[in-house]
Number of protein chains: 2
Amino acid sequence: MNPLAEIFSQGEEVVSGQTVDSNAAWLSQQLNELGFTVKRHTAVGDRLDDLVELIGEIAGRADCCICTGGLGPTCDDLTSEAVAIASGQALQLDGIALRQIEAYFSNRRRPMPDINRKQAYFPARALRIDNPVGTAPGFALRIQRCWFVFLPGVPSEMKAMYSAVREQLLSRFTLRPARLVSLRSIGIGESAIQQALATLSLPGGVQLGFRAAPDEVQTKLLFPADFPRSEMRDCVQTAASLIGDYVFAIDGLDDGRGGDLLTVIERGMRNKNYRLAELESASGGLLAAKCHGRDWLAAAFIARDTAGAFRQLAVEPDSEGDLAKAAERLAKRLLELHSADFALVQLFQGTQDDYRHKDKSISLYNCLLSRAGVFHRQHTVSGGAQIKQNQAALLSLDLLRRTLQNPCL
Amino acid sequence: MNPLAEIFSQGEEVVSGQTVDSNAAWLSQQLNELGFTVKRHTAVGDRLDDLVELIGEIAGRADCCICTGGLGPTCDDLTSEAVAIASGQALQLDGIALRQIEAYFSNRRRPMPDINRKQAYFPARALRIDNPVGTAPGFALRIQRCWFVFLPGVPSEMKAMYSAVREQLLSRFTLRPARLVSLRSIGIGESAIQQALATLSLPGGVQLGFRAAPDEVQTKLLFPADFPRSEMRDCVQTAASLIGDYVFAIDGLDDGRGGDLLTVIERGMRNKNYRLAELESASGGLLAAKCHGRDWLAAAFIARDTAGAFRQLAVEPDSEGDLAKAAERLAKRLLELHSADFALVQLFQGTQDDYRHKDKSISLYNCLLSRAGVFHRQHTVSGGAQIKQNQAALLSLDLLRRTLQNPCL
């Protein structure tokens, strides 16, 4: 059983929404990797009563809590005072902390404002945590069952101090870090993945979870610390086979198969010095923008519609309206013009009105031409204009990814 | 005394730190503006006991709570079940919700997986909140003293549903919303704005705040509910003059001057039926992608560098290396070729290595040519490759915005 941890963020700017609390996520990741189970995040503003109450709640239910914020010099920084009340310990001047704060100012040739003295006062039995980059030292102490660590809210200071905190935690707790493996997929929804995995029987102690991000769905397998590595690989491989070739990468196995879609494509393209020329319509520049700065992107063209695509590449349009055939003719032209290894052409069927309307869908045609052959794919894309645009870019890139991962290539 | 609100985020991905919880900040801002006092944010994972416990705690101390996450179709989505237990109400099938979910899939020509049925079950006395963009409807109900609103965790779905929630809250609570005016600017940093506003003396009760978003900086003035309108307008006007023409829009005055950068440009272009042709380099397709689907974008070209730009438009390059002159020649060609009203050409000085390196900067040249004249602007752009790409797209669009807002045009 992992020790239970909580994250506590203090500050009016967090609770009023002026600041997105990225500290909580960062600290949770660190604690999870160390082998804690993080059960809760809580944020409250700069009111003494609220702080004392929350510290009391956490002291009774968690084994460890990392708190950020409220250590500054101004009157709304109340953390030390709240801890003193909650722990029943008086605040004491820490001489070393005071000298560190004085040195911070003298190093910058600035006089130390009087109000900064306050930052050197800690509850009597607290352990000081040095701050190498700012004025506010942190501190740590036990209250009831919980080991509390108080750090400044400025992310760069908090992160600079975390390595010392990590050492403290490793020596105070018996920790067994778990192992997270993520199967990253495109073109398949969360519920379809769950159905595909219906027959998967997970070994005891392995947890299954899902995360839908705008650009992909992640299927997450969390293995206990002592889970055998070969059994873990088998389990991941079985899950990947059940989901199928929607999976473009697997993170967490340290076998070089991880990364986001662009990283996977980058690996495939660089590996064989391939070059890509592309013409996009439905994604309107976003495909090129996602590949921007990559050496393997030889040329990119944007067309509003199929007629515009023929104009852009100076190809005589045919009147049959067969988009797959049109895409292939355009791809041939691209391959010739830019001496590329791959030509990717993206066309779509549907009016501009269909495109903009969130309740209407368009048909997306992708054609990828290489010397080894031609690959066609068709998708129905729906949602608002920005969602359609992003999906179109991703689905075109995914055809390239599939081709690069094709063992017959 | 404002009613007390809390935000509750549910999901293993939040509490484990895989996802930074931006929903909590966004919702807090909305509730603050409505006239609530937000006292706490809490996040917990996908464990039924933890959810039931937390709902019980909040039910006893807050007047309103907005919860996100846990409404998906999979086995780790437990919110409805937890609410049923905490409220003592059984789950019931909502026929309308089921038809909405079925329609979501049939619109996309996909069969509805059986597990999605689960998303149509709500506690017996709950009010359904329609989801116009996804499969998970939300719901709202009272438990003890607190009005709970449950929304999906996907930010785009949560935000799309919020306007209905806002109406509900306005009718259920006696609120005295403060009035928020945002001065939206591009090309100037938060601290430079703060310096520019040093001489601004704000009337009592008016709060000044800042928010730095990836695409803009917002200067926020929060006026009390009963603040006189004309005095408010004067105060905003003074602040806008002090910041200068970096301000591209003012939100919150209901005078048609609000909106994001693209909205402002859209207004200017449509107003006079203008058409734009553009060639971009440093933004690599992102400028076109940001304008995608707009009728006024007549043509878009992507070039890797200045030599590529000359090739793309079949213009003979000159060897002088004067980028401003080069941009102007290319713009002339664009204007002729596409019978546009504006030709925008974006070039940059710096190697591909400078572009990719986060500690190196590039010089960005923008030239906007219209029949009324030519406008040049040069900027230094720094940060990682993606930041440079985005900044380049924004600064080019901002030159178009400045030209459209120029009263002499």
# chains A, B, ... in the order shown; residues from 1 in each chain; ligands from 1
$ closest_atom_pairs --of "stretch 189-266 of chain A" --to "stretch 393-399 of chain A" --cutoff "12 Å" --atoms "only C-alpha atoms" --output "JSON lines"
{"residue": "A:Pro214", "atom": "CA", "partner": "A:Leu394", "partner_atom": "CA", "distance": 10.3}
{"residue": "A:Asp215", "atom": "CA", "partner": "A:Leu394", "partner_atom": "CA", "distance": 7.3}
{"residue": "A:Glu216", "atom": "CA", "partner": "A:Leu394", "partner_atom": "CA", "distance": 9.0}
{"residue": "A:Asp245", "atom": "CA", "partner": "A:Asp398", "partner_atom": "CA", "distance": 10.3}
{"residue": "A:Tyr246", "atom": "CA", "partner": "A:Asp398", "partner_atom": "CA", "distance": 8.8}
{"residue": "A:Val247", "atom": "CA", "partner": "A:Asp398", "partner_atom": "CA", "distance": 10.1}
{"residue": "A:Phe248", "atom": "CA", "partner": "A:Asp398", "partner_atom": "CA", "distance": 8.2}
{"residue": "A:Ala249", "atom": "CA", "partner": "A:Asp398", "partner_atom": "CA", "distance": 11.5}
{"residue": "A:Asp260", "atom": "CA", "partner": "A:Asp398", "partner_atom": "CA", "distance": 11.2}
{"residue": "A:Leu261", "atom": "CA", "partner": "A:Asp398", "partner_atom": "CA", "distance": 7.6}
{"residue": "A:Leu262", "atom": "CA", "partner": "A:Leu397", "partner_atom": "CA", "distance": 8.2}
{"residue": "A:Thr263", "atom": "CA", "partner": "A:Leu397", "partner_atom": "CA", "distance": 11.4}
{"residue": "A:Val264", "atom": "CA", "partner": "A:Asp398", "partner_atom": "CA", "distance": 10.0}
{"residue": "A:Ile265", "atom": "CA", "partner": "A:Leu397", "partner_atom": "CA", "distance": 8.1}
{"residue": "A:Glu266", "atom": "CA", "partner": "A:Leu397", "partner_atom": "CA", "distance": 11.1}
$ calpha_fit_and_write --fixed "chain B" --moving "chain A" --output "tab-separated table (two decimals) with C-alpha atoms, in the first residue's frame"
chain	number	residue	atom	x	y	z
A	1	MET	CA	-20.48	39.80	-2.88
A	2	ASN	CA	-20.92	37.12	-5.56
A	3	PRO	CA	-21.82	33.60	-4.49
A	4	LEU	CA	-18.80	31.28	-4.54
A	5	ALA	CA	-18.71	28.42	-7.04
A	6	GLU	CA	-16.44	25.46	-7.67
A	7	ILE	CA	-16.03	23.02	-10.55
A	8	PHE	CA	-15.43	19.37	-9.84
A	9	SER	CA	-14.42	16.93	-12.60
A	10	GLN	CA	-14.56	13.23	-11.98
A	11	GLY	CA	-12.72	10.56	-13.95
A	12	GLU	CA	-9.57	8.52	-14.12
A	13	GLU	CA	-9.02	9.77	-17.69
A	14	VAL	CA	-8.87	13.36	-16.42
A	15	VAL	CA	-6.63	12.81	-13.43
A	16	SER	CA	-4.25	10.54	-15.39
A	17	GLY	CA	-3.96	13.15	-18.13
A	18	GLN	CA	-5.47	11.08	-20.95
A	19	THR	CA	-8.11	13.79	-21.38
A	20	VAL	CA	-7.63	17.54	-21.15
A	21	ASP	CA	-10.48	18.81	-18.98
A	22	SER	CA	-12.15	21.39	-21.20
A	23	ASN	CA	-15.47	21.09	-19.29
A	24	ALA	CA	-14.05	22.95	-16.30
A	25	ALA	CA	-13.05	25.98	-18.37
A	26	TRP	CA	-16.35	26.06	-20.24
A	27	LEU	CA	-18.45	25.82	-17.09
A	28	SER	CA	-16.33	28.45	-15.32
A	29	GLN	CA	-16.93	30.93	-18.11
A	30	GLN	CA	-20.67	30.31	-17.91
A	31	LEU	CA	-20.73	30.71	-14.12
A	32	ASN	CA	-18.56	33.85	-14.22
A	33	GLU	CA	-20.85	35.44	-16.77
A	34	LEU	CA	-23.84	34.56	-14.57
A	35	GLY	CA	-22.26	36.41	-11.65
A	36	PHE	CA	-20.64	33.65	-9.60
A	37	THR	CA	-17.05	33.88	-8.43
A	38	VAL	CA	-15.40	30.59	-9.35
A	39	LYS	CA	-12.82	29.82	-6.69
A	40	ARG	CA	-11.56	26.34	-7.49
A	41	HIS	CA	-11.42	23.51	-9.99
A	42	THR	CA	-10.74	20.04	-8.66
A	43	ALA	CA	-10.39	16.74	-10.51
A	44	VAL	CA	-10.19	13.31	-8.89
A	45	GLY	CA	-10.28	9.76	-10.25
A	46	ASP	CA	-12.80	6.93	-9.87
A	47	ARG	CA	-12.30	6.03	-6.18
A	48	LEU	CA	-15.31	6.18	-3.88
A	49	ASP	CA	-13.37	7.46	-0.85
A	50	ASP	CA	-11.80	10.31	-2.82
A	51	LEU	CA	-15.19	11.34	-4.19
A	52	VAL	CA	-16.96	11.31	-0.82
A	53	GLU	CA	-14.11	13.28	0.77
A	54	LEU	CA	-14.09	15.94	-1.97
A	55	ILE	CA	-17.88	16.38	-1.92
A	56	GLY	CA	-17.65	16.90	1.83
A	57	GLU	CA	-14.92	19.55	1.46
A	58	ILE	CA	-16.82	21.49	-1.19
A	59	ALA	CA	-20.15	21.20	0.71
A	60	GLY	CA	-18.56	23.20	3.53
A	61	ARG	CA	-17.01	26.07	1.59
A	62	ALA	CA	-18.87	26.77	-1.70
A	63	ASP	CA	-22.38	28.02	-2.50
A	64	CYS	CA	-22.61	26.16	-5.78
A	65	CYS	CA	-20.66	23.35	-7.42
A	66	ILE	CA	-21.03	21.87	-10.88
A	67	CYS	CA	-19.65	18.34	-11.19
A	68	THR	CA	-19.07	16.47	-14.43
A	69	GLY	CA	-18.41	12.78	-15.03
A	70	GLY	CA	-19.04	9.51	-13.25
A	71	LEU	CA	-22.70	9.16	-14.28
A	72	GLY	CA	-22.14	6.35	-16.83
A	73	PRO	CA	-23.41	2.76	-16.50
A	74	THR	CA	-20.12	1.00	-15.75
A	75	CYS	CA	-18.62	-0.09	-12.44
A	76	ASP	CA	-16.17	2.83	-12.37
A	77	ASP	CA	-19.03	5.37	-12.44
A	78	LEU	CA	-19.49	6.06	-8.76
A	79	THR	CA	-20.84	9.60	-8.50
A	80	SER	CA	-24.41	8.78	-7.36
A	81	GLU	CA	-23.11	6.37	-4.75
A	82	ALA	CA	-20.63	8.95	-3.45
A	83	VAL	CA	-23.34	11.64	-3.27
A	84	ALA	CA	-25.64	9.25	-1.41
A	85	ILE	CA	-22.95	8.67	1.21
A	86	ALA	CA	-21.92	12.33	1.47
A	87	SER	CA	-25.52	13.54	1.75
A	88	GLY	CA	-26.79	10.68	3.93
A	89	GLN	CA	-29.61	9.99	1.45
A	90	ALA	CA	-30.40	6.54	0.05
A	91	LEU	CA	-30.45	5.96	-3.72
A	92	GLN	CA	-33.95	5.62	-5.19
A	93	LEU	CA	-35.17	4.53	-8.60
A	94	ASP	CA	-36.52	7.51	-10.57
A	95	GLY	CA	-39.29	6.03	-12.80
A	96	ILE	CA	-39.22	8.90	-15.31
A	97	ALA	CA	-35.44	8.64	-15.67
A	98	LEU	CA	-35.75	4.90	-16.28
A	99	ARG	CA	-38.35	5.43	-19.01
A	100	GLN	CA	-36.09	8.08	-20.64
A	101	ILE	CA	-33.18	5.66	-20.70
A	102	GLU	CA	-35.37	2.85	-22.10
A	103	ALA	CA	-36.64	5.26	-24.79
A	104	TYR	CA	-33.06	6.22	-25.69
A	105	PHE	CA	-32.33	2.58	-26.57
A	106	SER	CA	-35.66	1.74	-28.19
A	107	ASN	CA	-35.33	4.85	-30.43
A	108	ARG	CA	-32.05	3.37	-31.64
A	109	ARG	CA	-33.60	-0.13	-32.00
A	110	ARG	CA	-31.13	-1.54	-29.51
A	111	PRO	CA	-31.99	-3.55	-26.38
A	112	MET	CA	-31.17	-1.69	-23.14
A	113	PRO	CA	-28.26	-3.43	-21.39
A	114	ASP	CA	-29.11	-4.24	-17.76
A	115	ILE	CA	-26.25	-2.14	-16.44
A	116	ASN	CA	-27.92	1.05	-17.71
A	117	ARG	CA	-30.71	0.72	-15.07
A	118	LYS	CA	-28.16	2.06	-12.62
A	119	GLN	CA	-28.29	5.47	-14.29
A	120	ALA	CA	-31.90	5.96	-13.12
A	121	TYR	CA	-31.00	5.85	-9.39
A	122	PHE	CA	-30.56	9.20	-7.58
A	123	PRO	CA	-30.30	10.28	-3.94
A	124	ALA	CA	-33.83	10.52	-2.49
A	125	ARG	CA	-34.31	14.32	-2.46
A	126	ALA	CA	-32.43	15.12	-5.70
A	127	LEU	CA	-33.91	17.04	-8.63
A	128	ARG	CA	-33.59	15.18	-11.96
A	129	ILE	CA	-32.03	17.07	-14.92
A	130	ASP	CA	-33.10	15.56	-18.26
A	131	ASN	CA	-30.49	14.58	-20.82
A	132	PRO	CA	-31.82	15.26	-24.32
A	133	VAL	CA	-28.84	13.68	-26.13
A	134	GLY	CA	-27.53	10.72	-24.12
A	135	THR	CA	-28.44	8.02	-21.62
A	136	ALA	CA	-27.23	9.64	-18.40
A	137	PRO	CA	-29.66	12.08	-16.74
A	138	GLY	CA	-28.13	14.50	-14.26
A	139	PHE	CA	-29.37	15.61	-10.88
A	140	ALA	CA	-29.04	18.45	-8.38
A	141	LEU	CA	-29.37	18.73	-4.60
A	142	ARG	CA	-28.21	20.75	-1.63
A	143	ILE	CA	-25.55	19.31	0.72
A	144	GLN	CA	-24.77	21.58	3.69
A	145	ARG	CA	-24.32	25.11	2.31
A	146	CYS	CA	-23.70	24.05	-1.31
A	147	TRP	CA	-26.07	23.49	-4.24
A	148	PHE	CA	-24.51	20.62	-6.24
A	149	VAL	CA	-25.30	19.97	-9.90
A	150	PHE	CA	-24.16	16.64	-11.37
A	151	LEU	CA	-23.82	16.38	-15.16
A	152	PRO	CA	-22.31	13.77	-17.52
A	153	GLY	CA	-18.65	14.27	-18.56
A	154	VAL	CA	-19.24	14.00	-22.33
A	155	PRO	CA	-18.94	17.67	-23.40
A	156	SER	CA	-21.82	17.58	-25.91
A	157	GLU	CA	-24.22	16.10	-23.31
A	158	MET	CA	-23.03	18.43	-20.57
A	159	LYS	CA	-23.52	21.49	-22.80
A	160	ALA	CA	-26.95	20.32	-24.00
A	161	MET	CA	-28.08	20.09	-20.36
A	162	TYR	CA	-26.57	23.39	-19.22
A	163	SER	CA	-29.43	25.65	-20.37
A	164	ALA	CA	-31.77	23.91	-17.91
A	165	VAL	CA	-29.10	24.23	-15.20
A	166	ARG	CA	-28.73	27.95	-15.96
A	167	GLU	CA	-32.45	28.56	-15.41
A	168	GLN	CA	-32.27	26.68	-12.10
A	169	LEU	CA	-29.30	28.76	-10.94
A	170	LEU	CA	-30.90	32.06	-11.93
A	171	SER	CA	-33.96	31.21	-9.86
A	172	ARG	CA	-32.01	29.91	-6.84
A	173	PHE	CA	-29.33	32.63	-6.50
A	174	THR	CA	-29.33	36.41	-6.50
A	175	LEU	CA	-26.79	37.06	-9.25
A	176	ARG	CA	-25.16	40.22	-10.61
A	177	PRO	CA	-23.06	39.38	-13.71
A	178	ALA	CA	-19.75	41.33	-14.04
A	179	ARG	CA	-18.49	42.76	-17.34
A	180	LEU	CA	-15.09	41.78	-18.83
A	181	VAL	CA	-13.22	44.05	-21.28
A	182	SER	CA	-9.98	42.81	-22.92
A	183	LEU	CA	-7.38	45.05	-24.59
A	184	ARG	CA	-5.58	42.81	-27.11
A	185	SER	CA	-2.03	43.77	-28.10
A	186	ILE	CA	0.92	42.58	-30.17
A	187	GLY	CA	4.58	43.59	-30.04
A	188	ILE	CA	4.69	44.57	-26.36
A	189	GLY	CA	5.30	42.29	-23.35
A	190	GLU	CA	3.21	41.86	-20.22
A	191	SER	CA	5.64	43.71	-17.98
A	192	ALA	CA	6.03	46.65	-20.38
A	193	ILE	CA	2.22	46.96	-20.42
A	194	GLN	CA	2.14	46.98	-16.66
A	195	GLN	CA	4.70	49.80	-16.58
A	196	ALA	CA	2.72	51.73	-19.17
A	197	LEU	CA	-0.35	51.41	-16.95
A	198	ALA	CA	1.48	52.51	-13.79
A	199	THR	CA	-0.31	55.89	-13.79
A	200	LEU	CA	-3.75	54.37	-14.39
A	201	SER	CA	-5.92	54.74	-11.31
A	202	LEU	CA	-8.76	52.26	-11.45
A	203	PRO	CA	-12.13	53.06	-9.91
A	204	GLY	CA	-13.01	50.95	-6.86
A	205	GLY	CA	-14.18	47.42	-7.63
A	206	VAL	CA	-12.53	47.27	-11.07
A	207	GLN	CA	-10.01	44.45	-11.40
A	208	LEU	CA	-6.94	44.47	-13.66
A	209	GLY	CA	-5.38	41.27	-15.00
A	210	PHE	CA	-3.11	40.05	-17.79
A	211	ARG	CA	-2.95	36.99	-19.99
A	212	ALA	CA	-0.01	36.16	-22.26
A	213	ALA	CA	-1.06	33.93	-25.17
A	214	PRO	CA	1.39	32.74	-27.86
A	215	ASP	CA	0.06	35.30	-30.35
A	216	GLU	CA	-0.84	38.27	-28.16
A	217	VAL	CA	-1.02	39.78	-24.68
A	218	GLN	CA	-4.45	40.55	-23.23
A	219	THR	CA	-4.98	43.25	-20.62
A	220	LYS	CA	-8.21	42.47	-18.81
A	221	LEU	CA	-10.48	44.89	-16.97
A	222	LEU	CA	-13.33	43.36	-14.98
A	223	PHE	CA	-16.12	45.81	-14.10
A	224	PRO	CA	-18.80	45.21	-11.44
A	225	ALA	CA	-22.34	44.64	-12.72
A	226	ASP	CA	-23.64	48.09	-11.81
A	227	PHE	CA	-20.63	50.06	-13.10
A	228	PRO	CA	-21.82	53.01	-15.24
A	229	ARG	CA	-21.33	52.30	-18.96
A	230	SER	CA	-19.89	55.70	-19.91
A	231	GLU	CA	-17.39	55.61	-17.05
A	232	MET	CA	-16.42	52.10	-18.16
A	233	ARG	CA	-15.77	53.31	-21.71
A	234	ASP	CA	-13.63	56.20	-20.42
A	235	CYS	CA	-11.61	53.87	-18.23
A	236	VAL	CA	-11.01	51.44	-21.13
A	237	GLN	CA	-10.07	54.32	-23.44
A	238	THR	CA	-7.53	55.66	-20.93
A	239	ALA	CA	-5.94	52.24	-20.55
A	240	ALA	CA	-5.82	51.77	-24.34
A	241	SER	CA	-4.12	55.17	-24.81
A	242	LEU	CA	-1.51	54.36	-22.18
A	243	ILE	CA	-0.62	51.05	-23.88
A	244	GLY	CA	-0.58	52.80	-27.26
A	245	ASP	CA	-0.95	51.48	-30.78
A	246	TYR	CA	0.19	47.99	-29.79
A	247	VAL	CA	-3.51	47.49	-29.01
A	248	PHE	CA	-5.14	46.02	-32.10
A	249	ALA	CA	-8.60	45.23	-30.69
A	250	ILE	CA	-10.85	45.74	-27.67
A	251	ASP	CA	-13.23	42.92	-26.75
A	252	GLY	CA	-16.29	43.30	-24.55
A	253	LEU	CA	-17.56	46.77	-25.47
A	254	ASP	CA	-19.94	45.48	-28.18
A	255	ASP	CA	-18.83	48.32	-30.46
A	256	GLY	CA	-17.43	46.21	-33.32
A	257	ARG	CA	-13.80	46.84	-32.34
A	258	GLY	CA	-13.15	43.33	-30.97
A	259	GLY	CA	-11.66	40.16	-32.42
A	260	ASP	CA	-8.30	38.54	-33.05
A	261	LEU	CA	-5.64	40.03	-35.32
A	262	LEU	CA	-6.95	38.32	-38.46
A	263	THR	CA	-10.52	39.43	-37.74
A	264	VAL	CA	-9.38	43.04	-37.38
A	265	ILE	CA	-7.39	42.83	-40.63
A	266	GLU	CA	-10.30	41.11	-42.38
A	267	ARG	CA	-12.60	44.00	-41.38
A	268	GLY	CA	-10.16	46.62	-42.71
A	269	MET	CA	-9.49	44.80	-45.99
A	270	ARG	CA	-13.13	43.95	-46.78
A	271	ASN	CA	-14.32	47.40	-45.82
A	272	LYS	CA	-12.53	48.98	-48.78
A	273	ASN	CA	-12.14	45.91	-51.01
A	274	TYR	CA	-8.37	45.99	-50.61
A	275	ARG	CA	-6.10	43.24	-51.94
A	276	LEU	CA	-2.75	42.16	-50.56
A	277	ALA	CA	0.29	40.59	-52.23
A	278	GLU	CA	3.01	39.35	-49.91
A	279	LEU	CA	6.48	37.89	-49.95
A	280	GLU	CA	7.74	36.32	-46.73
A	281	SER	CA	11.08	34.91	-45.67
A	282	ALA	CA	11.45	34.48	-41.91
A	283	SER	CA	7.91	33.15	-41.51
A	284	GLY	CA	8.40	30.58	-44.32
A	285	GLY	CA	4.77	30.26	-45.39
A	286	LEU	CA	3.11	30.84	-42.03
A	287	LEU	CA	2.00	34.37	-42.91
A	288	ALA	CA	0.18	33.02	-45.99
A	289	ALA	CA	-1.13	30.09	-43.93
A	290	LYS	CA	-2.64	32.48	-41.37
A	291	CYS	CA	-4.42	34.37	-44.17
A	292	HIS	CA	-5.46	31.26	-46.06
A	293	GLY	CA	-8.91	31.25	-47.58
A	294	ARG	CA	-9.26	35.05	-47.30
A	295	ASP	CA	-10.43	36.59	-50.56
A	296	TRP	CA	-8.18	39.61	-50.12
A	297	LEU	CA	-4.94	37.61	-50.32
A	298	ALA	CA	-4.09	38.03	-54.00
A	299	ALA	CA	-0.66	36.36	-54.06
A	300	ALA	CA	1.88	34.88	-51.67
A	301	PHE	CA	5.54	34.03	-52.14
A	302	ILE	CA	8.02	32.23	-49.94
A	303	ALA	CA	11.76	32.89	-50.10
A	304	ARG	CA	14.46	31.35	-47.96
A	305	ASP	CA	16.53	34.53	-47.85
A	306	THR	CA	16.93	37.90	-49.56
A	307	ALA	CA	18.69	36.44	-52.60
A	308	GLY	CA	15.84	33.95	-52.98
A	309	ALA	CA	13.34	36.80	-52.73
A	310	PHE	CA	14.95	38.61	-55.66
A	311	ARG	CA	14.93	35.36	-57.66
A	312	GLN	CA	11.27	34.62	-56.82
A	313	LEU	CA	10.13	37.97	-58.20
A	314	ALA	CA	12.74	38.09	-61.00
A	315	VAL	CA	14.15	41.38	-59.75
A	316	GLU	CA	17.82	42.19	-60.32
A	317	PRO	CA	19.49	42.14	-56.87
A	318	ASP	CA	21.58	45.09	-55.80
A	319	SER	CA	24.72	44.55	-53.81
A	320	GLU	CA	24.38	47.25	-51.17
A	321	GLY	CA	22.90	44.99	-48.52
A	322	ASP	CA	20.41	47.62	-47.41
A	323	LEU	CA	17.43	45.44	-46.46
A	324	ALA	CA	14.96	48.30	-46.14
A	325	LYS	CA	15.78	49.42	-49.68
A	326	ALA	CA	15.70	45.84	-50.99
A	327	ALA	CA	12.31	45.26	-49.36
A	328	GLU	CA	10.93	48.42	-50.94
A	329	ARG	CA	12.15	47.45	-54.43
A	330	LEU	CA	10.58	44.01	-54.04
A	331	ALA	CA	7.34	45.52	-52.76
A	332	LYS	CA	7.13	47.79	-55.81
A	333	ARG	CA	7.48	44.76	-58.06
A	334	LEU	CA	4.77	42.85	-56.13
A	335	LEU	CA	2.35	45.77	-56.35
A	336	GLU	CA	2.83	46.03	-60.13
A	337	LEU	CA	2.63	42.28	-60.80
A	338	HIS	CA	-0.53	41.55	-58.85
A	339	SER	CA	-2.46	44.85	-59.10
A	340	ALA	CA	-2.81	44.76	-55.33
A	341	ASP	CA	-3.52	47.68	-53.00
A	342	PHE	CA	-0.87	46.59	-50.52
A	343	ALA	CA	2.43	44.80	-51.03
A	344	LEU	CA	4.01	43.40	-47.89
A	345	VAL	CA	7.63	42.25	-48.01
A	346	GLN	CA	9.33	40.57	-45.07
A	347	LEU	CA	13.12	40.11	-45.07
A	348	PHE	CA	15.55	39.31	-42.30
A	349	GLN	CA	19.19	39.72	-41.40
A	350	GLY	CA	20.93	36.77	-39.80
A	351	THR	CA	22.22	33.35	-40.85
A	352	GLN	CA	20.15	30.15	-40.94
A	353	ASP	CA	22.09	29.20	-37.85
A	354	ASP	CA	21.02	32.39	-36.04
A	355	TYR	CA	17.49	31.56	-37.06
A	356	ARG	CA	17.54	28.05	-35.60
A	357	HIS	CA	19.43	28.86	-32.44
A	358	LYS	CA	17.12	29.75	-29.56
A	359	ASP	CA	19.71	32.05	-27.96
A	360	LYS	CA	20.40	34.03	-31.11
A	361	SER	CA	18.24	36.70	-32.61
A	362	ILE	CA	17.51	37.94	-36.11
A	363	SER	CA	16.58	41.39	-37.38
A	364	LEU	CA	13.25	41.44	-39.14
A	365	TYR	CA	12.50	44.07	-41.80
A	366	ASN	CA	8.96	44.65	-42.92
A	367	CYS	CA	7.97	46.96	-45.73
A	368	LEU	CA	4.36	47.70	-46.55
A	369	LEU	CA	3.79	49.59	-49.77
A	370	SER	CA	0.47	51.11	-50.78
A	371	ARG	CA	-0.49	53.88	-53.16
A	372	ALA	CA	-0.65	56.16	-50.12
A	373	GLY	CA	2.96	55.58	-49.19
A	374	VAL	CA	5.46	53.18	-47.72
A	375	PHE	CA	5.78	51.98	-44.12
A	376	HIS	CA	8.93	50.38	-42.76
A	377	ARG	CA	9.35	48.55	-39.48
A	378	GLN	CA	12.27	46.74	-37.96
A	379	HIS	CA	12.14	44.29	-35.04
A	380	THR	CA	14.54	42.05	-33.20
A	381	VAL	CA	13.10	38.55	-32.99
A	382	SER	CA	14.43	35.86	-30.66
A	383	GLY	CA	13.53	32.42	-29.30
A	384	GLY	CA	13.50	28.99	-30.93
A	385	ALA	CA	12.94	28.59	-34.67
A	386	GLN	CA	9.18	28.06	-34.31
A	387	ILE	CA	8.80	31.08	-32.06
A	388	LYS	CA	10.80	33.25	-34.50
A	389	GLN	CA	8.66	31.97	-37.36
A	390	ASN	CA	5.40	32.77	-35.58
A	391	GLN	CA	6.59	36.18	-34.35
A	392	ALA	CA	7.74	37.10	-37.86
A	393	ALA	CA	4.32	36.23	-39.30
A	394	LEU	CA	2.53	38.18	-36.55
A	395	LEU	CA	4.74	41.27	-36.77
A	396	SER	CA	4.30	41.44	-40.55
A	397	LEU	CA	0.53	41.11	-40.18
A	398	ASP	CA	0.60	43.72	-37.44
A	399	LEU	CA	2.22	46.23	-39.81
A	400	LEU	CA	-0.71	45.64	-42.16
A	401	ARG	CA	-3.13	46.07	-39.24
A	402	ARG	CA	-1.49	49.33	-38.15
A	403	THR	CA	-1.67	50.67	-41.68
A	404	LEU	CA	-5.33	49.71	-42.01
A	405	GLN	CA	-6.14	51.42	-38.70
A	406	ASN	CA	-4.15	54.51	-39.66
A	407	PRO	CA	-6.73	57.32	-39.92
A	408	CYS	CA	-4.60	59.13	-42.55
A	409	LEU	CA	-4.88	56.25	-45.02
$ select_by_dssp --residues "stretch 156-353 of chain A" --states "strand (DSSP E or B)" --output "ChimeraX atom specification"
/A:179-185,207-213,216-223,247-251,276-280,297-302,342-349
$ decode --residues "stretch 381-391 of chain B" --atoms "C-alpha atoms" --output "short mmCIF file (atom, residue, chain, number, x, y, z; two decimals), in the first residue's frame"
data_model
loop_
_atom_site.label_atom_id
_atom_site.label_comp_id
_atom_site.auth_asym_id
_atom_site.auth_seq_id
_atom_site.Cartn_x
_atom_site.Cartn_y
_atom_site.Cartn_z
CA VAL B 381 11.16 37.05 -32.16
CA SER B 382 12.59 34.68 -29.55
CA GLY B 383 11.65 31.50 -27.66
CA GLY B 384 11.36 27.87 -28.79
CA ALA B 385 10.44 26.96 -32.38
CA GLN B 386 6.71 26.69 -31.67
CA ILE B 387 6.65 30.02 -29.86
CA LYS B 388 8.51 31.71 -32.72
CA GLN B 389 6.09 30.15 -35.22
CA ASN B 390 3.05 31.36 -33.33
CA GLN B 391 4.48 34.83 -32.68
#
